[in-house]
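Source file: model.pdb; contents: PDB, C-alpha atoms.
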ATOM      1  CA  MET A   1       0.000   0.000   0.000
ATOM      2  CA  SER A   2       1.487   3.325  -1.057
ATOM      3  CA  VAL A   3       1.712   6.402   1.141
ATOM      4  CA  PHE A   4      -1.048   8.037  -0.901
ATOM      5  CA  ASP A   5      -3.311   5.025  -0.390
ATOM      6  CA  GLN A   6      -2.657   5.181   3.358
ATOM      7  CA  LEU A   7      -3.427   8.913   3.452
ATOM      8  CA  GLY A   8      -6.646   8.308   1.521
ATOM      9  CA  ALA A   9      -7.678   5.507   3.890
ATOM     10  CA  GLY A  10      -6.936   7.737   6.882
ATOM     11  CA  ARG A  11      -8.946  10.575   5.373
ATOM     12  CA  ASP A  12     -11.885   8.248   4.757
ATOM     13  CA  ALA A  13     -11.706   6.929   8.336
ATOM     14  CA  VAL A  14     -11.801  10.470   9.761
ATOM     15  CA  ARG A  15     -14.786  11.313   7.544
ATOM     16  CA  LEU A  16     -16.690   8.434   9.132
ATOM     17  CA  TRP A  17     -16.235  10.105  12.533
ATOM     18  CA  PHE A  18     -18.473  12.940  11.392
ATOM     19  CA  THR A  19     -20.947  10.977   9.263
ATOM     20  CA  PRO A  20     -22.339   8.156  11.393
ATOM     21  CA  SER A  21     -25.138   7.701   8.853
ATOM     22  CA  ARG A  22     -22.518   6.238   6.486
ATOM     23  CA  VAL A  23     -21.625   3.687   9.159
ATOM     24  CA  GLN A  24     -25.309   2.824   9.599
ATOM     25  CA  GLY A  25     -25.558   2.153   5.881
ATOM     26  CA  GLU A  26     -23.044  -0.684   6.059
ATOM     27  CA  GLY A  27     -24.050  -4.289   6.543
ATOM     28  CA  GLU A  28     -26.837  -5.310   8.887
ATOM     29  CA  THR A  29     -27.983  -3.574  12.035
ATOM     30  CA  PRO A  30     -26.459  -5.381  15.024
ATOM     31  CA  ASP A  31     -28.318  -6.176  18.230
ATOM     32  CA  TYR A  32     -28.820  -2.766  19.845
ATOM     33  CA  ARG A  33     -27.229  -4.034  23.087
ATOM     34  CA  PHE A  34     -23.909  -4.390  21.290
ATOM     35  CA  SER A  35     -24.149  -0.880  19.832
ATOM     36  CA  LEU A  36     -24.966   0.512  23.272
ATOM     37  CA  ALA A  37     -22.038  -1.393  24.795
ATOM     38  CA  ASN A  38     -19.806   0.106  22.089
ATOM     39  CA  GLU A  39     -21.097   3.567  23.020
ATOM     40  CA  ARG A  40     -20.440   2.945  26.732
ATOM     41  CA  THR A  41     -16.880   1.936  25.870
ATOM     42  CA  PHE A  42     -16.512   5.152  23.864
ATOM     43  CA  LEU A  43     -17.703   7.173  26.860
ATOM     44  CA  ALA A  44     -15.282   5.338  29.161
ATOM     45  CA  TRP A  45     -12.398   6.333  26.882
ATOM     46  CA  ILE A  46     -13.635   9.937  26.914
ATOM     47  CA  ARG A  47     -13.722   9.889  30.742
ATOM     48  CA  THR A  48     -10.181   8.542  30.741
ATOM     49  CA  ALA A  49      -9.125  11.328  28.377
ATOM     50  CA  LEU A  50     -10.725  13.976  30.587
ATOM     51  CA  ALA A  51      -8.960  12.550  33.654
ATOM     52  CA  LEU A  52      -5.595  12.637  31.873
ATOM     53  CA  ILE A  53      -6.174  16.194  30.672
ATOM     54  CA  GLY A  54      -7.231  17.283  34.164
ATOM     55  CA  GLY A  55      -4.165  15.570  35.601
ATOM     56  CA  GLY A  56      -1.933  17.394  33.138
ATOM     57  CA  PHE A  57      -3.340  20.755  34.165
ATOM     58  CA  ALA A  58      -3.094  19.822  37.855
ATOM     59  CA  VAL A  59       0.580  18.866  37.531
ATOM     60  CA  ASP A  60       1.339  22.127  35.752
ATOM     61  CA  GLN A  61      -0.604  24.367  38.123
ATOM     62  CA  PHE A  62      -0.148  22.749  41.536
ATOM     63  CA  LEU A  63       3.346  21.275  41.564
ATOM     64  CA  THR A  64       5.142  24.562  41.065
ATOM     65  CA  ASP A  65       6.943  24.263  44.425
ATOM     66  CA  HIS A  66       7.814  20.598  44.067
ATOM     67  CA  LEU A  67       9.283  20.205  40.576
ATOM     68  CA  THR A  68      11.678  22.013  38.349
ATOM     69  CA  HIS A  69       9.991  23.780  35.468
ATOM     70  CA  TRP A  70      11.170  21.266  32.846
ATOM     71  CA  ALA A  71      10.055  18.248  34.923
ATOM     72  CA  ARG A  72       6.629  19.777  35.571
ATOM     73  CA  VAL A  73       6.134  20.669  31.915
ATOM     74  CA  THR A  74       7.308  17.226  30.771
ATOM     75  CA  LEU A  75       4.886  15.404  33.068
ATOM     76  CA  ALA A  76       2.037  17.770  32.225
ATOM     77  CA  LEU A  77       2.595  17.451  28.477
ATOM     78  CA  ALA A  78       2.785  13.646  28.720
ATOM     79  CA  LEU A  79      -0.575  13.585  30.514
ATOM     80  CA  LEU A  80      -2.124  16.058  28.078
ATOM     81  CA  ALA A  81      -0.806  14.097  25.083
ATOM     82  CA  GLY A  82      -2.270  10.932  26.579
ATOM     83  CA  GLY A  83      -5.628  12.698  26.910
ATOM     84  CA  VAL A  84      -5.572  13.851  23.303
ATOM     85  CA  ALA A  85      -4.597  10.359  22.123
ATOM     86  CA  CYS A  86      -7.435   8.809  24.190
ATOM     87  CA  THR A  87      -9.947  11.195  22.679
ATOM     88  CA  LEU A  88      -8.905  10.424  19.119
ATOM     89  CA  ARG A  89      -8.671   6.716  19.837
ATOM     90  CA  ALA A  90     -12.155   6.687  21.395
ATOM     91  CA  VAL A  91     -13.945   7.901  18.285
ATOM     92  CA  ASN A  92     -11.784   5.865  15.929
ATOM     93  CA  HIS A  93     -12.355   2.680  17.930
ATOM     94  CA  TRP A  94     -16.099   3.334  18.137
ATOM     95  CA  VAL A  95     -16.356   3.619  14.343
ATOM     96  CA  ARG A  96     -14.166   0.566  13.731
ATOM     97  CA  CYS A  97     -16.164  -1.581  16.176
ATOM     98  CA  GLU A  98     -19.524  -0.405  14.835
ATOM     99  CA  ARG A  99     -18.454  -1.196  11.267
ATOM    100  CA  ALA A 100     -17.126  -4.613  12.276
ATOM    101  CA  MET A 101     -20.372  -5.496  14.071
ATOM    102  CA  ARG A 102     -22.428  -4.415  11.058
ATOM    103  CA  ARG A 103     -20.260  -6.457   8.687
ATOM    104  CA  GLY A 104     -20.215  -9.513  10.937
ATOM    105  CA  ALA A 105     -16.422  -9.273  11.160
ATOM    106  CA  ASP A 106     -14.096  -9.744  14.105
ATOM    107  CA  LEU A 107     -13.799  -6.737  16.380
ATOM    108  CA  PRO A 108     -10.616  -4.725  15.836
ATOM    109  CA  VAL A 109      -7.669  -5.206  18.153
ATOM    110  CA  SER A 110      -5.329  -2.476  19.307
ATOM    111  CA  ARG A 111      -2.078  -1.987  21.189
ATOM    112  CA  PHE A 112      -3.307   1.380  22.429
ATOM    113  CA  PRO A 113      -4.515   0.173  25.871
ATOM    114  CA  ALA A 114      -1.074  -1.324  26.574
ATOM    115  CA  VAL A 115       0.709   1.844  25.407
ATOM    116  CA  LEU A 116      -1.594   4.010  27.532
ATOM    117  CA  ALA A 117      -1.075   1.781  30.564
ATOM    118  CA  LEU A 118       2.693   2.030  30.111
ATOM    119  CA  LEU A 119       2.527   5.823  29.820
ATOM    120  CA  VAL A 120       0.400   6.118  32.952
ATOM    121  CA  ALA A 121       2.693   3.726  34.848
ATOM    122  CA  VAL A 122       5.803   5.745  33.942
ATOM    123  CA  ILE A 123       4.116   8.970  35.022
ATOM    124  CA  ALA A 124       2.902   7.322  38.242
ATOM    125  CA  VAL A 125       6.440   6.195  39.074
ATOM    126  CA  ALA A 126       7.671   9.738  38.475
ATOM    127  CA  MET A 127       4.938  11.093  40.744
ATOM    128  CA  VAL A 128       5.839   8.573  43.470
ATOM    129  CA  ALA A 129       9.409   9.836  43.253
ATOM    130  CA  VAL A 130       8.131  13.401  43.662
ATOM    131  CA  VAL A 131       6.150  12.449  46.746
ATOM    132  CA  LEU A 132       8.977  10.452  48.328
ATOM    133  CA  VAL A 133      11.864  12.759  47.466
ATOM    134  CA  GLY A 134       9.972  16.037  47.259
ATOM    135  CA  TRP A 135      12.550  17.987  45.281
ATOM    136  CA  ALA A 136      12.076  21.615  44.287
ATOM    137  CA  GLY A 137      13.520  23.596  41.386
TER     138      GLY A 137
END
Turn this file's structure into C-alpha cells for me.
Amino acid sequence: MSVFDQLGAGRDAVRLWFTPSRVQGEGETPDYRFSLANERTFLAWIRTALALIGGGFAVDQFLTDHLTHWARVTLALALLAGGVACTLRAVNHWVRCERAMRRGADLPVSRFPAVLALLVAVIAVAMVAVVLVGWAG
C-alpha cells in the first residue's frame, strides 16, 4: 500500500467520525445491546481522556513548588498528550467496532490500551518519586 493510499484511507476513516449515517448504511444492524455497549466503551475512553487532561493541568498548576519547570512541563505534556490520544482513539475505535459489528467481522484489536497503561505507569512512578523525594527547582 502506497503512502497516498494510506493517506486516503486515513482521510476516509476520519470522515466516518463525522458521518455516522454512512456507518449505519453498512451491513446489517447489530443487536442494539452491542451498539450501546460500544457507546459505553466510547464514553469510558472519553472519561479517561478527561482525567488525563485534568491531571496534566493539575501537575502544571499545583506542583510549582515541588518540581523544576522542565520536569513539571514534561509530566504535564505527557498527561495532556495521553488525553488527546485517548480522545482520538475513542472515536476511531467506536467507528471501527460499529463497522465490524455491522459487517459480521471480528472486532478490531489495538495496542493502544497497553501503550496508555505504560505511559500512565511511567508517570505514576515519576509522581511517586516526587512524593517520596519532594525535590524543588
Q: Please measure the separation of CA of Leu132 (chain A) and CA of His66 (chain A), giving the value in Å to one decimal.
A: 11.1 Å
Q) In Å, with one decimal, what is the gap from CA of Val84 (chain A) to CA of Ile46 (chain A)? A)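 Taking CA of Val84 (chain A) and CA of Ile46 (chain A), their separation equals 9.7 Å.
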Q: Could you please give me, as a VMD selection string, the residues of protein, DNA or RNA lying at most 12 Å from (-11.9, 14.2, 18.6) in the coordinate frame of the file, considering all atoms listed in the file?
A: chain A and resid 14 to 15 17 to 18 42 45 to 46 49 83 to 94
Q: Just give me the gap between CA of Glu28 (chain A) and CA of Asp12 (chain A) in Å, one decimal is fine.
A: 20.6 Å
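With the shown file loaded, the PyMOL selection byres ((chain A and resi 79) around 7) picks out Leu52, Ile53, Gly55, Gly56, Leu75, Ala76, Leu77, Ala78, Leu80, Ala81, Gly82 and Gly83 of chain A.
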(Q) Please list as a ChimeraX atom specification every residue within 8 Å of Arg96 (chain A), counting all atoms listed in the file and excluding residues in the same chain fewer than 4 positions away. (A) /A:92,100,107-108
Pick out the residues sitting within 9 Å of Arg102 (chain A), and hand them over as a compact mmCIF listing (two decimals) with C-alpha atoms, in the frame of the given file; count all atoms listed in the file, and ignore anything fewer than 5 positions along from it in its own chain.
# COMPACT_ATOMS: atom_id res chain seq x y z
CA VAL A 23 -21.62 3.69 9.16
CA GLN A 24 -25.31 2.82 9.60
CA GLY A 25 -25.56 2.15 5.88
CA GLU A 26 -23.04 -0.68 6.06
CA GLY A 27 -24.05 -4.29 6.54
CA GLU A 28 -26.84 -5.31 8.89
CA THR A 29 -27.98 -3.57 12.04
CA PRO A 30 -26.46 -5.38 15.02
CA CYS A 97 -16.16 -1.58 16.18
Q: Within 9 Å of region 31-36 of chain A, counting only C-alpha atoms, which residues show up once you throw out same-chain ones fewer than 5 positions away? Write them as a list in words, please.
A: Thr41, Cys97, Glu98 and Met101 of chain A
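Nearest to Ala124 (chain A) of all the residues A:Thr48, A:Ser21, A:Arg103, A:Val59 is A:Val59, based on all atoms listed in the file.
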Reconstruct region 48-75 of chain A at the level of N, CA and C atoms, and format the result as a PDB file, keeping the file's coordinate frame.
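Done, and the output landed in out-v7.pdb:
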ATOM      1  N   THR A  48     -11.619   8.727  30.522  1.00  0.00           N
ATOM      2  CA  THR A  48     -10.181   8.542  30.741  1.00  0.00           C
ATOM      3  C   THR A  48      -9.410   9.731  30.181  1.00  0.00           C
ATOM      4  N   ALA A  49      -9.793  10.176  28.988  1.00  0.00           N
ATOM      5  CA  ALA A  49      -9.125  11.328  28.377  1.00  0.00           C
ATOM      6  C   ALA A  49      -9.289  12.570  29.233  1.00  0.00           C
ATOM      7  N   LEU A  50     -10.499  12.807  29.730  1.00  0.00           N
ATOM      8  CA  LEU A  50     -10.725  13.976  30.587  1.00  0.00           C
ATOM      9  C   LEU A  50      -9.903  13.904  31.868  1.00  0.00           C
ATOM     10  N   ALA A  51      -9.775  12.710  32.440  1.00  0.00           N
ATOM     11  CA  ALA A  51      -8.960  12.550  33.654  1.00  0.00           C
ATOM     12  C   ALA A  51      -7.491  12.844  33.362  1.00  0.00           C
ATOM     13  N   LEU A  52      -6.987  12.357  32.228  1.00  0.00           N
ATOM     14  CA  LEU A  52      -5.595  12.637  31.873  1.00  0.00           C
ATOM     15  C   LEU A  52      -5.370  14.122  31.621  1.00  0.00           C
ATOM     16  N   ILE A  53      -6.300  14.757  30.940  1.00  0.00           N
ATOM     17  CA  ILE A  53      -6.174  16.194  30.672  1.00  0.00           C
ATOM     18  C   ILE A  53      -6.228  16.980  31.976  1.00  0.00           C
ATOM     19  N   GLY A  54      -7.164  16.629  32.853  1.00  0.00           N
ATOM     20  CA  GLY A  54      -7.231  17.283  34.164  1.00  0.00           C
ATOM     21  C   GLY A  54      -5.967  17.064  34.967  1.00  0.00           C
ATOM     22  N   GLY A  55      -5.417  15.858  34.903  1.00  0.00           N
ATOM     23  CA  GLY A  55      -4.165  15.570  35.601  1.00  0.00           C
ATOM     24  C   GLY A  55      -3.016  16.393  35.052  1.00  0.00           C
ATOM     25  N   GLY A  56      -2.980  16.572  33.745  1.00  0.00           N
ATOM     26  CA  GLY A  56      -1.933  17.394  33.138  1.00  0.00           C
ATOM     27  C   GLY A  56      -1.996  18.833  33.612  1.00  0.00           C
ATOM     28  N   PHE A  57      -3.206  19.383  33.659  1.00  0.00           N
ATOM     29  CA  PHE A  57      -3.340  20.755  34.165  1.00  0.00           C
ATOM     30  C   PHE A  57      -2.989  20.830  35.648  1.00  0.00           C
ATOM     31  N   ALA A  58      -3.388  19.825  36.418  1.00  0.00           N
ATOM     32  CA  ALA A  58      -3.094  19.822  37.855  1.00  0.00           C
ATOM     33  C   ALA A  58      -1.587  19.782  38.101  1.00  0.00           C
ATOM     34  N   VAL A  59      -0.881  18.936  37.377  1.00  0.00           N
ATOM     35  CA  VAL A  59       0.580  18.866  37.531  1.00  0.00           C
ATOM     36  C   VAL A  59       1.199  20.221  37.218  1.00  0.00           C
ATOM     37  N   ASP A  60       0.760  20.839  36.141  1.00  0.00           N
ATOM     38  CA  ASP A  60       1.339  22.127  35.752  1.00  0.00           C
ATOM     39  C   ASP A  60       1.022  23.237  36.749  1.00  0.00           C
ATOM     40  N   GLN A  61      -0.182  23.253  37.280  1.00  0.00           N
ATOM     41  CA  GLN A  61      -0.604  24.367  38.123  1.00  0.00           C
ATOM     42  C   GLN A  61      -0.253  24.197  39.605  1.00  0.00           C
ATOM     43  N   PHE A  62      -0.258  22.954  40.100  1.00  0.00           N
ATOM     44  CA  PHE A  62      -0.148  22.749  41.536  1.00  0.00           C
ATOM     45  C   PHE A  62       1.170  22.177  42.014  1.00  0.00           C
ATOM     46  N   LEU A  63       2.047  21.794  41.130  1.00  0.00           N
ATOM     47  CA  LEU A  63       3.346  21.275  41.564  1.00  0.00           C
ATOM     48  C   LEU A  63       4.473  22.276  41.334  1.00  0.00           C
ATOM     49  N   THR A  64       4.136  23.528  41.335  1.00  0.00           N
ATOM     50  CA  THR A  64       5.142  24.562  41.065  1.00  0.00           C
ATOM     51  C   THR A  64       6.241  24.596  42.120  1.00  0.00           C
ATOM     52  N   ASP A  65       5.937  24.236  43.355  1.00  0.00           N
ATOM     53  CA  ASP A  65       6.943  24.263  44.425  1.00  0.00           C
ATOM     54  C   ASP A  65       7.682  22.940  44.574  1.00  0.00           C
ATOM     55  N   HIS A  66       7.263  21.933  43.868  1.00  0.00           N
ATOM     56  CA  HIS A  66       7.814  20.598  44.067  1.00  0.00           C
ATOM     57  C   HIS A  66       8.673  20.090  42.917  1.00  0.00           C
ATOM     58  N   LEU A  67       8.554  20.678  41.751  1.00  0.00           N
ATOM     59  CA  LEU A  67       9.283  20.205  40.576  1.00  0.00           C
ATOM     60  C   LEU A  67       9.978  21.352  39.877  1.00  0.00           C
ATOM     61  N   THR A  68      11.069  21.013  39.218  1.00  0.00           N
ATOM     62  CA  THR A  68      11.678  22.013  38.349  1.00  0.00           C
ATOM     63  C   THR A  68      10.716  22.281  37.200  1.00  0.00           C
ATOM     64  N   HIS A  69      10.898  23.403  36.557  1.00  0.00           N
ATOM     65  CA  HIS A  69       9.991  23.780  35.468  1.00  0.00           C
ATOM     66  C   HIS A  69       9.959  22.706  34.386  1.00  0.00           C
ATOM     67  N   TRP A  70      11.136  22.244  33.943  1.00  0.00           N
ATOM     68  CA  TRP A  70      11.170  21.266  32.846  1.00  0.00           C
ATOM     69  C   TRP A  70      10.510  19.957  33.239  1.00  0.00           C
ATOM     70  N   ALA A  71      10.674  19.506  34.483  1.00  0.00           N
ATOM     71  CA  ALA A  71      10.055  18.248  34.923  1.00  0.00           C
ATOM     72  C   ALA A  71       8.531  18.392  34.974  1.00  0.00           C
ATOM     73  N   ARG A  72       8.069  19.530  35.492  1.00  0.00           N
ATOM     74  CA  ARG A  72       6.629  19.777  35.571  1.00  0.00           C
ATOM     75  C   ARG A  72       6.006  19.840  34.173  1.00  0.00           C
ATOM     76  N   VAL A  73       6.650  20.546  33.278  1.00  0.00           N
ATOM     77  CA  VAL A  73       6.134  20.669  31.915  1.00  0.00           C
ATOM     78  C   VAL A  73       6.165  19.316  31.202  1.00  0.00           C
ATOM     79  N   THR A  74       7.217  18.544  31.407  1.00  0.00           N
ATOM     80  CA  THR A  74       7.308  17.226  30.771  1.00  0.00           C
ATOM     81  C   THR A  74       6.186  16.309  31.238  1.00  0.00           C
ATOM     82  N   LEU A  75       5.961  16.242  32.547  1.00  0.00           N
ATOM     83  CA  LEU A  75       4.886  15.404  33.068  1.00  0.00           C
ATOM     84  C   LEU A  75       3.516  15.897  32.601  1.00  0.00           C
TER      85      LEU A  75
END
